[in-house]
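Q: Data: entry.txt, compact mmCIF, C-alpha atoms.
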# COMPACT_ATOMS: atom_id res chain seq x y z
CA MET A 1 -6.95 6.60 41.53
CA ARG A 2 -5.97 10.23 41.27
CA PHE A 3 -3.60 12.24 39.08
CA ASP A 4 -2.40 15.37 40.89
CA ASP A 5 -0.61 18.43 39.57
CA VAL A 6 -0.54 17.37 35.93
CA ARG A 7 -1.04 19.32 32.75
CA ILE A 8 -4.25 18.00 31.18
CA PHE A 9 -4.97 17.80 27.48
CA ASP A 10 -8.63 16.84 27.64
CA GLY A 11 -9.01 15.92 23.97
CA GLU A 12 -9.80 19.46 22.87
CA GLN A 13 -8.03 21.98 25.06
CA VAL A 14 -5.25 22.35 27.61
CA ILE A 15 -5.59 22.79 31.36
CA GLU A 16 -2.14 23.92 32.44
CA ARG A 17 -2.41 22.31 35.87
CA GLY A 18 -5.12 20.12 37.27
CA ARG A 19 -6.29 17.01 39.07
CA VAL A 20 -8.16 14.01 37.65
CA LEU A 21 -10.00 11.48 39.81
CA VAL A 22 -10.81 8.03 38.43
CA ARG A 23 -13.31 5.72 40.04
CA ASP A 24 -14.32 2.23 38.81
CA GLY A 25 -12.65 2.71 35.44
CA VAL A 26 -14.45 5.97 34.75
CA ILE A 27 -13.31 9.57 35.03
CA ALA A 28 -15.12 10.97 38.08
CA GLU A 29 -13.72 14.50 38.41
CA VAL A 30 -11.55 16.95 36.47
CA GLU A 31 -10.46 19.88 38.59
CA PRO A 32 -8.30 22.79 37.36
CA LEU A 33 -5.69 23.96 39.87
CA PRO A 34 -3.86 27.28 40.22
CA ALA A 35 -0.89 27.35 37.88
CA GLU A 36 2.27 27.50 39.97
CA GLY A 37 4.92 26.89 37.37
CA PRO A 38 4.81 24.33 34.56
CA ALA A 39 3.68 20.79 35.31
CA THR A 40 6.31 18.11 34.69
CA HIS A 41 3.86 15.60 33.20
CA THR A 42 0.87 15.71 30.86
CA LEU A 43 -2.23 13.52 31.07
CA LEU A 44 -3.98 12.80 27.76
CA PRO A 45 -6.82 10.60 26.59
CA GLY A 46 -5.58 7.24 25.34
CA LEU A 47 -4.61 7.56 21.70
CA ILE A 48 -6.83 6.23 18.90
CA ASP A 49 -5.12 4.90 15.78
CA ALA A 50 -7.71 5.41 13.05
CA HIS A 51 -6.20 3.00 10.50
CA THR A 52 -4.56 -0.30 11.36
CA HIS A 53 -4.54 -3.95 10.29
CA VAL A 54 -4.42 -6.35 13.23
CA PHE A 55 -4.77 -9.57 11.19
CA GLY A 56 -6.33 -11.41 14.11
CA TRP A 57 -3.29 -11.27 16.40
CA THR A 58 -3.81 -10.10 19.99
CA GLY A 59 -0.08 -9.34 20.23
CA ASN A 60 -0.61 -6.32 17.98
CA LEU A 61 -3.24 -4.93 20.36
CA GLN A 62 -0.98 -5.54 23.36
CA LEU A 63 1.86 -3.77 21.58
CA ALA A 64 -0.42 -0.85 20.74
CA LEU A 65 -1.48 -0.45 24.37
CA ALA A 66 2.11 -0.54 25.61
CA PHE A 67 2.83 2.55 23.49
CA GLY A 68 -0.26 4.53 24.47
CA VAL A 69 -2.85 3.46 21.88
CA THR A 70 -5.96 2.37 23.76
CA THR A 71 -8.21 1.94 20.69
CA GLU A 72 -7.42 0.70 17.18
CA LEU A 73 -9.68 1.02 14.16
CA ASP A 74 -8.96 -1.98 11.95
CA MET A 75 -9.57 -1.32 8.25
CA PHE A 76 -9.56 -4.89 6.90
CA CYS A 77 -9.73 -8.34 8.44
CA TYR A 78 -10.63 -11.58 6.71
CA PRO A 79 -12.33 -13.95 7.23
CA PRO A 80 -15.01 -11.96 9.09
CA PRO A 81 -15.25 -14.29 12.14
CA LEU A 82 -11.61 -13.51 12.88
CA ALA A 83 -12.38 -9.82 13.37
CA ASP A 84 -15.42 -10.62 15.50
CA GLN A 85 -13.50 -13.02 17.75
CA LEU A 86 -10.69 -10.56 18.32
CA ARG A 87 -13.09 -7.67 18.87
CA THR A 88 -14.93 -9.68 21.52
CA ALA A 89 -11.70 -10.70 23.25
CA ALA A 90 -10.36 -7.14 23.27
CA ALA A 91 -13.61 -5.71 24.63
CA ALA A 92 -13.43 -8.05 27.62
CA ALA A 93 -9.75 -7.39 28.36
CA THR A 94 -7.80 -4.46 29.76
CA ASP A 95 -4.31 -5.64 28.75
CA MET A 96 -4.71 -4.74 25.07
CA ALA A 97 -6.13 -1.94 22.98
CA GLU A 98 -9.82 -2.18 22.17
CA LEU A 99 -10.63 -3.03 18.56
CA TYR A 100 -13.19 -1.79 16.07
CA SER A 101 -13.19 -3.26 12.57
CA ALA A 102 -14.51 -2.87 9.05
CA GLY A 103 -14.29 -6.62 8.61
CA THR A 104 -13.87 -7.34 4.91
CA VAL A 105 -13.61 -4.73 2.15
CA VAL A 106 -15.45 -4.27 -1.14
CA GLY A 107 -14.15 -3.93 -4.69
CA PRO A 108 -15.18 -5.10 -8.17
CA PRO A 109 -14.58 -8.58 -9.59
CA GLY A 110 -10.93 -8.78 -10.55
CA GLY A 111 -10.11 -5.61 -8.62
CA TYR A 112 -7.20 -4.90 -6.30
CA ALA A 113 -9.01 -6.24 -3.21
CA SER A 114 -9.60 -9.54 -5.05
CA THR A 115 -5.89 -9.93 -5.71
CA VAL A 116 -5.21 -9.62 -1.96
CA VAL A 117 -8.03 -11.91 -0.81
CA PRO A 118 -9.53 -13.86 -3.73
CA GLU A 119 -12.33 -15.20 -1.51
CA ALA A 120 -13.52 -11.75 -0.43
CA PRO A 121 -16.94 -10.58 -1.70
CA THR A 122 -17.13 -8.28 -4.72
CA LEU A 123 -19.70 -5.93 -6.21
CA ASP A 124 -20.73 -6.10 -9.86
CA GLY A 125 -22.83 -2.95 -9.96
CA PRO A 126 -25.01 -0.77 -7.69
CA ARG A 127 -27.89 -3.26 -7.50
CA GLU A 128 -25.74 -5.48 -5.25
CA ALA A 129 -24.73 -2.73 -2.81
CA ASP A 130 -27.57 -2.99 -0.32
CA ALA A 131 -27.18 -6.74 0.12
CA PHE A 132 -23.42 -6.34 0.52
CA VAL A 133 -23.80 -3.77 3.30
CA ALA A 134 -26.51 -5.85 4.99
CA ALA A 135 -24.17 -8.85 4.99
CA ARG A 136 -21.37 -6.79 6.56
CA VAL A 137 -23.72 -5.57 9.28
CA ALA A 138 -24.72 -9.17 9.99
CA GLU A 139 -21.03 -10.06 10.34
CA GLY A 140 -20.47 -7.24 12.82
CA SER A 141 -18.66 -4.66 10.67
CA GLN A 142 -18.67 -1.30 12.43
CA TYR A 143 -18.00 0.75 9.27
CA ILE A 144 -17.78 -0.12 5.59
CA LYS A 145 -14.45 -0.12 3.72
CA ILE A 146 -14.47 0.56 -0.03
CA VAL A 147 -11.38 0.02 -2.21
CA LEU A 148 -10.85 2.60 -4.99
CA ASP A 149 -7.55 1.42 -6.45
CA ASN A 150 -6.53 0.61 -10.03
CA GLY A 151 -3.48 -1.31 -8.82
CA ALA A 152 -0.94 0.99 -10.48
CA THR A 153 1.14 1.50 -7.33
CA HIS A 154 1.37 -2.29 -7.00
CA GLY A 155 2.53 -2.90 -10.55
CA MET A 156 -0.81 -4.05 -11.97
CA SER A 157 -3.78 -2.70 -13.92
CA VAL A 158 -7.13 -3.77 -12.50
CA PRO A 159 -10.69 -2.42 -12.53
CA SER A 160 -12.03 -0.17 -9.78
CA LEU A 161 -15.57 0.51 -8.61
CA ASP A 162 -17.61 3.04 -10.60
CA LEU A 163 -19.42 6.08 -9.22
CA ALA A 164 -22.90 4.52 -9.24
CA THR A 165 -21.75 1.50 -7.24
CA VAL A 166 -19.79 3.53 -4.67
CA THR A 167 -22.74 5.89 -4.26
CA ALA A 168 -25.06 2.94 -3.66
CA VAL A 169 -22.70 1.52 -1.02
CA ALA A 170 -22.47 4.88 0.74
CA GLU A 171 -26.24 5.26 0.75
CA ALA A 172 -26.82 1.71 2.01
CA ALA A 173 -24.32 2.22 4.83
CA ARG A 174 -25.78 5.60 5.77
CA ALA A 175 -29.27 4.09 5.92
CA ARG A 176 -27.92 1.69 8.57
CA GLY A 177 -26.06 4.36 10.54
CA LEU A 178 -22.58 3.27 9.42
CA ARG A 179 -19.65 5.35 8.20
CA THR A 180 -17.94 4.56 4.93
CA VAL A 181 -14.18 4.61 4.39
CA ALA A 182 -12.57 4.71 0.95
CA HIS A 183 -9.04 3.44 0.32
CA ILE A 184 -7.56 5.59 -2.46
CA CYS A 185 -4.28 5.70 -4.38
CA ASP A 186 -4.71 8.89 -6.42
CA ALA A 187 -6.64 12.15 -6.70
CA GLN A 188 -9.18 10.55 -9.02
CA GLY A 189 -10.18 8.21 -6.19
CA VAL A 190 -10.65 11.15 -3.82
CA ARG A 191 -12.85 12.94 -6.36
CA LEU A 192 -14.97 9.82 -6.84
CA ALA A 193 -15.33 9.40 -3.07
CA LEU A 194 -16.45 13.02 -2.76
CA GLU A 195 -18.96 12.67 -5.59
CA ALA A 196 -20.32 9.43 -4.13
CA GLY A 197 -20.80 10.83 -0.62
CA VAL A 198 -18.19 8.64 1.12
CA ASP A 199 -17.62 9.86 4.69
CA THR A 200 -13.92 9.09 5.05
CA VAL A 201 -10.88 8.82 2.79
CA THR A 202 -7.78 6.95 3.84
CA HIS A 203 -4.25 7.38 2.41
CA VAL A 204 -2.99 10.31 0.37
CA PRO A 205 -1.32 10.18 -3.08
CA LEU A 206 2.44 10.21 -3.46
CA ALA A 207 2.64 10.98 -7.18
CA GLU A 208 0.47 14.12 -7.10
CA VAL A 209 -0.83 16.82 -4.79
CA LEU A 210 -4.54 17.08 -4.03
CA ASP A 211 -5.71 20.34 -5.58
CA ALA A 212 -7.47 23.22 -3.84
CA ASP A 213 -10.86 22.19 -5.28
CA ILE A 214 -10.64 18.75 -3.66
CA ALA A 215 -9.58 20.25 -0.33
CA ASP A 216 -12.36 22.85 -0.39
CA ARG A 217 -15.00 20.29 -1.34
CA ALA A 218 -13.82 17.92 1.40
CA ALA A 219 -14.10 20.71 3.96
CA ARG A 220 -17.57 21.81 2.78
CA ARG A 221 -18.87 18.24 2.72
CA GLY A 222 -17.40 17.34 6.08
CA GLN A 223 -15.41 14.51 4.55
CA VAL A 224 -12.72 13.28 6.94
CA HIS A 225 -9.22 12.25 5.80
CA ILE A 226 -6.86 9.70 7.34
CA PRO A 227 -3.63 10.27 5.37
CA THR A 228 -1.57 7.48 7.00
CA LEU A 229 1.58 9.57 6.65
CA ALA A 230 3.70 7.06 8.55
CA MET A 231 2.96 4.46 5.87
CA MET A 232 3.30 6.91 2.99
CA GLU A 233 6.70 8.01 4.29
CA MET A 234 7.95 4.43 4.46
CA THR A 235 6.46 3.61 1.04
CA ALA A 236 8.15 6.61 -0.59
CA GLY A 237 11.50 5.71 0.96
CA ALA A 238 11.78 8.95 2.94
CA PRO A 239 14.22 8.29 5.81
CA GLY A 240 12.52 9.97 8.78
CA GLY A 241 10.39 7.05 9.89
CA ARG A 242 13.36 4.69 9.94
CA ARG A 243 14.91 6.78 12.72
CA LEU A 244 11.93 6.19 15.01
CA ALA A 245 13.63 3.07 16.39
CA ASP A 246 16.60 5.17 17.52
CA ASP A 247 14.57 7.54 19.70
CA PRO A 248 15.85 6.94 23.26
CA ARG A 249 12.32 7.38 24.62
CA LEU A 250 11.09 4.41 22.57
CA ALA A 251 14.13 2.28 21.82
CA PRO A 252 14.54 0.58 25.23
CA GLN A 253 11.04 -0.95 24.96
CA LEU A 254 11.34 -2.10 21.34
CA PRO A 255 11.88 -5.85 20.85
CA GLU A 256 14.71 -6.53 18.40
CA ARG A 257 12.37 -7.91 15.74
CA LEU A 258 10.42 -4.66 15.67
CA ARG A 259 13.55 -2.50 15.75
CA ALA A 260 14.83 -4.36 12.69
CA ALA A 261 11.46 -4.05 10.96
CA ILE A 262 11.34 -0.28 11.46
CA THR A 263 14.92 0.32 10.37
CA GLU A 264 15.25 -2.17 7.49
CA SER A 265 12.08 -3.96 6.34
CA ARG A 266 10.25 -3.19 3.09
CA GLU A 267 7.60 -5.84 3.74
CA SER A 268 4.11 -4.77 2.50
CA LEU A 269 5.40 -1.52 0.93
CA ALA A 270 4.46 -0.61 -2.65
CA GLY A 271 7.57 1.42 -3.38
CA ASP A 272 8.81 -0.70 -6.31
CA HIS A 273 5.98 0.48 -8.59
CA LEU A 274 5.40 4.10 -7.56
CA GLY A 275 6.75 5.77 -10.71
CA PRO A 276 9.07 8.76 -11.11
CA ASP A 277 6.66 11.37 -9.75
CA ALA A 278 6.28 9.77 -6.32
CA ASP A 279 7.52 12.06 -3.58
CA PHE A 280 6.62 12.09 0.11
CA ALA A 281 6.59 15.90 -0.06
CA ASN A 282 3.43 15.60 -2.18
CA ALA A 283 1.69 13.77 0.67
CA LEU A 284 2.69 16.43 3.21
CA THR A 285 1.53 19.21 0.88
CA SER A 286 -1.84 17.52 0.35
CA VAL A 287 -2.40 17.20 4.10
CA ARG A 288 -1.41 20.83 4.59
CA ARG A 289 -3.88 21.84 1.88
CA LEU A 290 -6.69 19.77 3.41
CA HIS A 291 -6.00 21.17 6.86
CA GLU A 292 -5.82 24.78 5.72
CA ALA A 293 -9.10 24.36 3.84
CA GLY A 294 -10.75 23.21 7.06
CA ALA A 295 -11.10 19.48 6.31
CA ARG A 296 -10.77 17.27 9.37
CA VAL A 297 -7.67 15.08 9.44
CA LEU A 298 -7.31 12.02 11.71
CA ALA A 299 -4.21 10.20 12.91
CA GLY A 300 -3.95 6.71 11.45
CA THR A 301 -0.78 4.76 10.72
CA ASP A 302 -1.80 1.78 8.52
CA ALA A 303 0.23 -0.37 10.93
CA ASP A 304 0.28 -3.90 9.55
CA ASP A 305 3.06 -5.79 11.27
CA VAL A 306 2.25 -9.41 12.08
CA PRO A 307 4.25 -12.58 12.82
CA GLY A 308 5.83 -13.83 9.63
CA LYS A 309 5.55 -10.37 8.02
CA SER A 310 7.73 -7.91 9.91
CA ALA A 311 6.47 -4.75 8.25
CA PRO A 312 8.06 -1.39 9.14
CA VAL A 313 4.90 0.44 10.27
CA VAL A 314 4.51 -1.10 13.71
CA HIS A 315 1.46 -1.03 15.97
CA GLY A 316 1.58 1.51 18.79
CA VAL A 317 5.06 2.85 18.09
CA SER A 318 4.15 4.33 14.71
CA ILE A 319 1.39 6.61 16.05
CA HIS A 320 4.14 8.76 17.54
CA ARG A 321 5.68 9.23 14.10
CA GLU A 322 2.25 9.93 12.62
CA LEU A 323 1.69 12.73 15.14
CA ALA A 324 5.04 14.31 14.30
CA LEU A 325 4.29 14.13 10.58
CA LEU A 326 0.90 15.79 11.06
CA VAL A 327 2.71 18.66 12.76
CA GLU A 328 5.21 18.76 9.90
CA ALA A 329 2.23 19.02 7.54
CA GLY A 330 0.94 22.12 9.29
CA LEU A 331 -1.19 21.03 12.24
CA SER A 332 -0.28 22.48 15.61
CA PRO A 333 0.70 19.98 18.31
CA VAL A 334 -2.71 20.45 19.94
CA GLN A 335 -4.48 19.89 16.61
CA ALA A 336 -2.42 16.72 16.05
CA LEU A 337 -3.43 15.46 19.50
CA VAL A 338 -7.08 16.19 18.69
CA ALA A 339 -6.59 14.10 15.53
CA ALA A 340 -5.59 11.13 17.70
CA THR A 341 -8.17 11.50 20.47
CA SER A 342 -11.48 13.38 20.34
CA ALA A 343 -11.72 13.71 16.54
CA PRO A 344 -11.65 9.97 15.68
CA ALA A 345 -13.90 9.26 18.67
CA GLU A 346 -16.46 11.75 17.37
CA HIS A 347 -16.26 10.69 13.73
CA PHE A 348 -16.61 6.98 14.41
CA GLY A 349 -19.23 7.35 17.13
CA LEU A 350 -17.07 6.32 20.10
CA ALA A 351 -18.85 8.60 22.53
CA ASP A 352 -17.35 7.04 25.67
CA ARG A 353 -13.70 7.89 24.97
CA GLY A 354 -11.31 10.37 23.34
CA ARG A 355 -11.75 13.04 26.02
CA ILE A 356 -10.95 13.49 29.69
CA ARG A 357 -14.41 14.32 30.96
CA PRO A 358 -16.47 13.07 33.93
CA GLY A 359 -18.45 10.00 32.96
CA LEU A 360 -16.12 8.87 30.18
CA ARG A 361 -13.81 5.86 30.18
CA ALA A 362 -10.50 6.25 31.94
CA ASP A 363 -8.44 5.41 28.86
CA LEU A 364 -5.43 7.55 29.67
CA LEU A 365 -1.82 8.24 28.70
CA LEU A 366 0.62 9.99 31.04
CA VAL A 367 3.80 11.39 29.50
CA GLU A 368 6.75 13.37 30.76
CA GLY A 369 6.96 16.85 29.27
CA ASP A 370 4.48 18.89 27.25
CA PRO A 371 3.26 17.37 23.96
CA THR A 372 0.99 20.38 23.43
CA GLU A 373 4.21 22.28 22.65
CA ASP A 374 6.57 19.47 21.58
CA ILE A 375 4.59 16.70 19.94
CA THR A 376 7.42 14.18 20.37
CA ALA A 377 6.85 14.28 24.14
CA THR A 378 4.13 11.62 23.59
CA ARG A 379 7.06 9.20 23.30
CA ALA A 380 8.15 9.77 26.92
CA ILE A 381 5.52 7.42 28.33
CA SER A 382 5.15 7.27 32.11
CA GLY A 383 2.00 5.16 32.15
CA VAL A 384 -0.97 3.89 30.15
CA TRP A 385 -4.40 3.00 31.54
CA ARG A 386 -7.32 1.29 29.87
CA GLN A 387 -10.62 1.66 31.73
CA GLY A 388 -8.66 2.70 34.78
CA VAL A 389 -6.40 -0.38 34.79
CA ARG A 390 -2.73 0.42 34.46
CA CYS A 391 -1.00 -1.34 31.59
CA ASP A 392 1.84 -3.63 32.57
CA ARG A 393 3.99 -2.52 29.65
CA GLU A 394 6.59 -5.19 30.20
CA ALA A 395 3.94 -7.93 30.13
CA CYS A 396 2.39 -6.49 26.97
CA LEU A 397 5.76 -6.34 25.25
CA ALA A 398 6.47 -9.92 26.31
CA SER A 399 3.93 -11.00 23.67
CA GLN A 400 6.54 -10.05 21.06
CA ARG A 401 9.31 -12.25 22.39
CA GLY A 402 10.16 -15.30 20.36
CA VAL A 403 8.07 -14.05 17.42
CA GLU A 404 9.71 -14.18 14.00
Please express the file's structure as structure tokens.
A:
Amino acid sequence: MRFDDVRIFDGEQVIERGRVLVRDGVIAEVEPLPAEGPATHTLLPGLIDAHTHVFGWTGNLQLALAFGVTTELDMFCYPPPLADQLRTAAAAATDMAELYSAGTVVGPPGGYASTVVPEAPTLDGPREADAFVAARVAEGSQYIKIVLDNGATHGMSVPSLDLATVTAVAEAARARGLRTVAHICDAQGVRLALEAGVDTVTHVPLAEVLDADIADRAARRGQVHIPTLAMMEMTAGAPGGRRLADDPRLAPQLPERLRAAITESRESLAGDHLGPDADFANALTSVRRLHEAGARVLAGTDADDVPGKSAPVVHGVSIHRELALLVEAGLSPVQALVAATSAPAEHFGLADRGRIRPGLRADLLLVEGDPTEDITATRAISGVWRQGVRCDREACLASQRGVE
């Protein structure tokens, strides 16, 4: 298979015109060509959504692939065998996005995580951290998810993990070569994650702006942030994300259930308990501050739609809104594309993808136009390939039919 006369975004930089040869599911050659006017199409690495919730349903991974996401990083799945089964199935298939998962999450007894899944394990102090991480490794978790949330945005008051316990979890994970990811709801959680040595923070506050000290410390420490702006926008009630379903480049492929979810649903959103200071502008300002300080930002949507819970942040489709919001927050289009390709691949140790380089997987997205100048051009999808196999988008979308 060969792509001729295309603009190439290779995961880090732009080749204005070039040729890419794929052989046996692997990129064999990347050849720059003389620029003779602008290319009509752009070839990119398959997109990586760095924060999703698949909830064990292969239909979500098929939907993701149909809209250009070739890898999803799942941030919570319970019970653990469910994540392992789906991960195994996705690894063996080419008609769905590949899946990596944290498995279950950790919080204190009576904490927010326990209210979501009462059967999930908890930590009652740092002495239990090493055994907890060891158990997650045995279950197949590929990174460790820590919940730092007092429940306020969900209308409750619950305990959160203390510094000593979070530090012990981070150290136990690091000793086993695993990244840690902290779910936060406020600036206090970010500060605790920084102090504890957590590698990754997901979400960004709505009721306050992260200050310059947090941004500078995150940059110096190399802490990576996944702000999930698509989810924060929906949660805050800002209208931009609702219009995603009306984009003519996406709308024709959207099943009616998903169109209705994007435009109307408030399923899984915490907006009823945010308080008077909540403002999506705070989230955008925090991301701008992190980016300008030099902290790495990744594209992750927090997509959590599933049959029976038609949530508005939808797998695959929502990454295109996330990219636009990252640009709105101050990243250039190229930097936003890095945040959805090479940067998450590097941070989470996915060395075989995220770039268009000889020897790497042919996970590819071909779009009409130039997303390195107009980030919304990622929505004009001409084709998606996973390991060199072209996605039958219609077949992938068929998994959504008849689902309530």
Q: Determine, counting only C-alpha atoms, which protein, DNA and RNA residues have an atom within 6 Å of an atom of region 19-31 of chain A; residues of the same chain fewer than 2 positions away are not included. Present the result as a count of residues only.
A: 12
Q: Could you work out how far CA of Val105 (chain A) lies from CA of Ala299 (chain A), giving the answer in Å with one decimal?
A: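 Taking CA of Ala299 (chain A) and CA of Val105 (chain A), their separation equals 20.7 Å.
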Q: Contacts of Thr122 (chain A) at 10 Å or less, counting all atoms listed in the file, minus same-chain residues fewer than 6 places along, as a PyMOL selection string?
A: chain A and resi 105-111+113-114+128-129+132+161
Q: Do you know which residues are at most 7 Å from Gly197 (chain A) counting only C-alpha atoms, after dropping those on the same chain fewer than 3 positions away, and could you put them as a PyMOL selection string?
A: chain A and resi 167+170+193-194
Q: Take the residues from that selection and put them in a file with C-alpha atoms, as a compact mmCIF listing (two decimals), in the coordinates of the input.
A:
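So the final result, stored in again18.txt, reads:
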# COMPACT_ATOMS: atom_id res chain seq x y z
CA THR A 167 -22.74 5.89 -4.26
CA ALA A 170 -22.47 4.88 0.74
CA ALA A 193 -15.33 9.40 -3.07
CA LEU A 194 -16.45 13.02 -2.76
Q: Please, what distance in Å, to one decimal, runs between CA of Ala343 (chain A) and CA of Gln188 (chain A)?
A: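 Value for the CA of Ala343 (chain A)-CA of Gln188 (chain A) distance: 25.9 Å.
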Q: How far is it from CA of Asp277 (chain A) to CA of Gly222 (chain A), in Å with one decimal?
A: 29.4 Å
Q: Would you tabulate, counting all atoms listed in the file, all residues of region 43-153 of chain A that have an atom at most 6 Å from an atom of region 312-331 of chain A, showing the closest pair of atoms and their distance in Å to one decimal, sorted by chain then ascending number, as a Markdown table?
A:
| residue | atom | partner | partner_atom | distance |
| --- | --- | --- | --- | --- |
| A:Leu63 | CA | A:Gly316 | CA | 6.0 |
| A:Ala64 | CA | A:Gly316 | CA | 3.7 |
| A:Phe67 | CA | A:Gly316 | CA | 5.0 |
| A:Val69 | CA | A:Gly316 | CA | 5.7 |
